[in-house]
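Asks: Let me give you the structure first, and then I'll get to my questions.
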Amino acid sequence: MKEVCAIIRMNRMSKTKKALDEAGFPAMTAYKVVGRGKQKGLIGEVSFQISPEVIKNAGASDAMKYIPKRMLISVVNDEDVPKVVKTIIRVNQTGNHGDGRIFVSPVFESVQIRTGEKAKEITV
């Protein structure tokens, strides 16, 4: 099993959820997060309206401390990772800074809270 963690633009969350659902991966956890990457919070690199107060507070650097993003996490079978990653990229890739990042990590064990059952191999 693998955990796929994607950090994406806010305005792409609905399309991403729909695309993953249509690809057969409806289970996920989503968070509202803030952060910045290589674009260093540059105001010109975001695709949403920024209040004049935020721009004023950015000062001469023309940057925000953090940019609002969405983080979604899904645990999938190893063989499904390429399909999930490809789906996320297809929906979120604009070619501009701030498109996001995908992390893939191993899942060594799961414990079902309801029953306490432990599994090294789980089926999603």
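Identifiers in the structure tokens: chain A, B, ... in order shown; residue index from 1 per chain; ligand index from 1 in order shown.
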Do a neighbour search on Met1 (chain A) at 7 Å with only C-alpha atoms, toss out local chain neighbours closer than 2 positions, and write the hits as a list in words.
Replies: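 My reading of the contact set: Glu3, Val75, Val76, Asn77, Asp78, Pro106, Val107 and Glu121 of chain A.
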Asks: Show me, as a list in words, the residues that have an atom within 8 Å of Met71 (chain A) when counting only C-alpha atoms, minus same-chain residues fewer than 2 positions from it.
Replies: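 In the requested format, the answer is Cys5, Ala6, Ile7, Ile8, Ala30, Tyr31, Lys32, Val33, Lys69 and Ile73 of chain A.
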Asks: Compare A:Asn96, A:Ser74, A:Thr87, A:Ser105 by their minimum atom-to-atom distance to Ala23 (chain A), counting only C-alpha atoms, and give me the closest one.
Replies: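 That would be A:Thr87, the residue with the smallest distance to Ala23 (chain A).
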Asks: Just the residues within 7 Å of Pro68 (chain A), please, counting only C-alpha atoms, with nothing from its chain fewer than 3 positions along; format it as a list of chain:residue names.
Replies: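 Counting only C-alpha atoms, the residues come to A:Met10, A:Val33, A:Val34, A:Gly35.
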Asks: Between CA of Val104 (chain A) and CA of Lys2 (chain A), measure the distance and give it in Å to one decimal.
Replies: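 So the answer is 6.5 Å.
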